[in-house]
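Engineer: Before I ask anything, here is the structure I am working with.
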Amino acid sequence: MAETIGRVFRSVQELANSNQVPEKYIHTQELINTSSPLLDVPEVDLTLLISPTSPAAARQEEFNKLQSGLRSCGCIQVINHGLADSFLDKVRQISKQFFALPAEEKLKYARTVDDIEGYGNDSVLSEKQKLDWTDRLYLNVFPEDIRKLQFWPQKPECFRVVFEEYIKTLKLLSESLLKAMATSLNMEENCFLDQCGERGTMIARFNFYPPCPRPDVVLGVKPHADASAITILLQDKEVEGLQVLKDDQWYRVPVVPYGFLINVGDQVEIMSNGIFKSPVHRVVTNAERERNSLAVFIMPDPDAGIGPVEKLINEERPRAYKNVKNYVELFFQSYQQGKRPIEAAMICQEFH
Ligand SMILES: O=C(O)CCC(=O)C(=O)O
Ligand SMILES: [Fe+2]
């Protein structure tokens with residue numbers, strides 16, 4: 001068996017417990033403002049949006065909000081999505097319970113040094129990299145044959161049952177969203193979904209952010225945009241932390257306790273020829289309270305190429321991106337070099 005990180009791994013949770021902030025976690029370039037202004041994220045009522053019995057005007061209103069959110073800040077809050085509040089509480093509960101287990105129990109699911117899947121902390125991609133103040137559990141979920149069940153917790157006991165139900169429902173939700181996004185642009189409803197392919201992948205990342213003694217210089221997650229097509233985020237119900245960059249300024253993303261935050265990933269930015277924006281975002285830390293979130297990344301099949309939808313290319317909006325295959329690989333190559341990965345897919349990069 002490959003060496004597990006058990007031997008070399010110090011969880012952020014352990015650092016937090018011993019009140020230590022190693023230098024690798026400290027950002028020296030700028031102080032981090034944890035109380036920046038609040039972002040105005042449109043709340044979209046999914047039932048009104050997709051139900052054929054909704055009044056046409058009300059449906060249109062929801063489509064307008066969806067489109068304007070994804071164009072301006074790259075995200076929307078989805079409410080009235082059909083998942084019960086009590087079920088979302090259960091999902092949050094299994095995450096909290098997992099991270100609260102003793103270290104030796106969690107280490108049964110530890111990732112290997114050179115793999116991303118499993119329980120661990122920030123993957124080190126370069127020497128200069130600052131580390132994120134977070135522990136994670138990273139699981140491949142769809143297609144089913146890419147699951148590595150050895151990483152799926154057996155404690156708490158209901159983990160797998162609750163999680164399985166959650167991801168099945170989120171798969172359907174992601175399909176509805178991708179269709180709605182295409183429809184909002186007057187495109188054929190499957191134009192984004194079809195590009196994801198039969199073997200589109202879905203990956204879940206449970207994020208656990210222990211309290212941090214230095215929120216002024218440490219980040220929960222450093223600035224990045226997601227490599228996904230879209231990301232479905234279940235935020236902590238009480239503790240804020242996510243920030244989005246808009247017009248060169250950081251904004252706090254509000255907590256909607258039983259809503260999902262949906263953000264555009266780089267691959268839908270490409271498919272939409274830049275109409276929808278994949279937002280740069282980061283997570284700040286909190287000195288008093290821990291925070292949990294669960295990000296589900298909806299990814300196109302890495303073997304199927306993606307590119308801007310033909311009908312979204314025209315004189316006013318010329319093709320801005322190349323067709324790309326296995327974007328995630330490209331993403332990590334650029335990320336290592338400290339570049340914004342999507343630039344590698346842009347045409348005429350010097351003009352952007
Ligand atoms: O914890 C959050 O709110 C967001 C995490 C995130 O950006 C990610 O996992 O890609
Ligand atoms: Fe992210």
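By convention here, the chains of the structure tokens are called A, B, ... in the order presented, each chain's residues are numbered starting at 1, and ligands are numbered starting at 1 in the order presented.
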Around ligand 2, which protein and nucleic acid residues have at least one atom no more than 9 Å from it, if we count only C-alpha atoms and all ligand atoms? List them as a VMD selection string.

Structural biologist: chain A and resid 221 223 to 227 231 233 263 265 279 to 283 295 297

Engineer: Excluding segment 309-314 of chain A and residues on its chain fewer than 5 positions from it, collect all residues at most 9 Å away from it, counting only C-alpha atoms, and give them as a VMD selection string.

Structural biologist: chain A and resid 185 187 191 to 192 270 to 273 275 319 to 320

Engineer: Hey, can you spit out that residue selection with C-alpha atoms as a short mmCIF file (atom, residue, chain, number, x, y, z; two decimals), in the first residue's frame?

Structural biologist:
```cif
data_model
loop_
_atom_site.label_atom_id
_atom_site.label_comp_id
_atom_site.auth_asym_id
_atom_site.auth_seq_id
_atom_site.Cartn_x
_atom_site.Cartn_y
_atom_site.Cartn_z
CA LEU A 185 -30.04 32.12 -22.73
CA MET A 187 -30.54 27.96 -26.08
CA CYS A 191 -26.66 22.25 -24.78
CA PHE A 192 -24.63 22.36 -21.55
CA ILE A 270 -16.20 28.33 -21.51
CA MET A 271 -19.40 26.65 -22.77
CA SER A 272 -21.34 29.91 -22.46
CA ASN A 273 -18.58 31.73 -24.37
CA ILE A 275 -21.58 35.05 -20.77
CA ARG A 319 -15.37 32.90 -29.84
CA ALA A 320 -13.42 33.64 -26.66
#
```

Engineer: Can you build me a table of segment 190-260 of chain A residues sitting at most 12 Å from segment 109-130 of chain A, with the closest atom pair per residue and its distance in Å to one decimal, using only C-alpha atoms, sorted by chain and residue number, as a Markdown table?

Structural biologist:
```
| residue | atom | partner | partner_atom | distance |
| --- | --- | --- | --- | --- |
| A:Ile203 | CA | A:Glu117 | CA | 9.5 |
| A:Ala204 | CA | A:Glu117 | CA | 9.8 |
| A:Arg205 | CA | A:Glu117 | CA | 9.2 |
| A:Phe206 | CA | A:Tyr119 | CA | 9.1 |
| A:Asn207 | CA | A:Asn121 | CA | 9.4 |
| A:Phe208 | CA | A:Asn121 | CA | 9.7 |
| A:Tyr209 | CA | A:Asn121 | CA | 10.5 |
| A:Val217 | CA | A:Lys130 | CA | 10.9 |
| A:Val218 | CA | A:Lys130 | CA | 9.1 |
| A:Leu219 | CA | A:Lys130 | CA | 9.0 |
| A:Gly220 | CA | A:Asp122 | CA | 10.0 |
| A:Val221 | CA | A:Asp122 | CA | 8.8 |
| A:Lys222 | CA | A:Lys130 | CA | 8.1 |
| A:Pro223 | CA | A:Lys130 | CA | 11.0 |
```

Engineer: Take the residues from that selection and put them in a file with N, CA and C atoms, as an mmCIF file, in the first residue's frame.

Structural biologist:
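Final output, saved to again20.cif:
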```
data_model
loop_
_atom_site.group_PDB
_atom_site.id
_atom_site.type_symbol
_atom_site.label_atom_id
_atom_site.label_comp_id
_atom_site.auth_asym_id
_atom_site.auth_seq_id
_atom_site.Cartn_x
_atom_site.Cartn_y
_atom_site.Cartn_z
ATOM 1 N N ILE A 203 -18.024 15.141 -7.927
ATOM 2 C CA ILE A 203 -17.052 14.993 -6.843
ATOM 3 C C ILE A 203 -17.542 15.782 -5.644
ATOM 4 N N ALA A 204 -17.408 15.195 -4.467
ATOM 5 C CA ALA A 204 -17.870 15.899 -3.263
ATOM 6 C C ALA A 204 -16.672 16.230 -2.389
ATOM 7 N N ARG A 205 -16.708 17.422 -1.821
ATOM 8 C CA ARG A 205 -15.630 17.805 -0.907
ATOM 9 C C ARG A 205 -16.253 18.360 0.364
ATOM 10 N N PHE A 206 -16.068 17.620 1.451
ATOM 11 C CA PHE A 206 -16.500 18.102 2.762
ATOM 12 C C PHE A 206 -15.370 18.968 3.297
ATOM 13 N N ASN A 207 -15.673 20.213 3.609
ATOM 14 C CA ASN A 207 -14.650 21.129 4.131
ATOM 15 C C ASN A 207 -14.919 21.396 5.604
ATOM 16 N N PHE A 208 -13.869 21.292 6.386
ATOM 17 C CA PHE A 208 -13.984 21.584 7.815
ATOM 18 C C PHE A 208 -12.944 22.645 8.165
ATOM 19 N N TYR A 209 -13.420 23.784 8.645
ATOM 20 C CA TYR A 209 -12.531 24.898 8.982
ATOM 21 C C TYR A 209 -12.545 25.079 10.499
ATOM 22 N N VAL A 217 -4.543 37.000 8.792
ATOM 23 C CA VAL A 217 -3.463 36.604 7.876
ATOM 24 C C VAL A 217 -3.595 35.173 7.329
ATOM 25 N N VAL A 218 -4.640 34.460 7.751
ATOM 26 C CA VAL A 218 -4.789 33.066 7.310
ATOM 27 C C VAL A 218 -6.109 32.909 6.555
ATOM 28 N N LEU A 219 -6.064 32.124 5.466
ATOM 29 C CA LEU A 219 -7.279 31.873 4.696
ATOM 30 C C LEU A 219 -7.725 30.422 4.849
ATOM 31 N N GLY A 220 -9.035 30.228 4.879
ATOM 32 C CA GLY A 220 -9.594 28.866 4.878
ATOM 33 C C GLY A 220 -9.337 28.217 3.525
ATOM 34 N N VAL A 221 -9.590 28.946 2.464
ATOM 35 C CA VAL A 221 -9.234 28.514 1.101
ATOM 36 C C VAL A 221 -8.735 29.741 0.353
ATOM 37 N N LYS A 222 -7.585 29.591 -0.291
ATOM 38 C CA LYS A 222 -7.034 30.752 -1.005
ATOM 39 C C LYS A 222 -7.835 31.030 -2.282
ATOM 40 N N PRO A 223 -7.653 32.227 -2.849
ATOM 41 C CA PRO A 223 -8.458 32.593 -4.021
ATOM 42 C C PRO A 223 -8.311 31.580 -5.158
#
```

Engineer: Tell me which protein, DNA and RNA residues are within 12 Å of Leu48 of chain A, counting only C-alpha atoms, leaving out same-chain ones fewer than 2 positions away, and put them as a list in words.

Structural biologist: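 Within the cut-off, the hits are Glu43, Val44, Asp45, Leu46, Ile50, Ser51, Pro52, Thr53, Ser54, Pro55, Ala56, Ala57, Ala58, Arg59, Gln60, Glu61, Glu62, Phe63, Lys65, Leu66, Val78, Ile79, Asn80, His81, Gly82 and Ala180 of chain A.
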
Engineer: When you draw a straight line from atom CA of Tyr327 of chain A to atom CA of Pro302 of chain A, how long is it in Å?

Structural biologist: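 Atom CA of Pro302 of chain A lies at a distance of 7.0 Å from atom CA of Tyr327 of chain A.
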
Engineer: Taking only C-alpha atoms into account, name the residue in A:Asp266, A:Glu288, A:Gly274, A:Tyr251 that is nearest to Leu330 of chain A.

Structural biologist: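 Under the stated criterion, the closest residue is A:Asp266.
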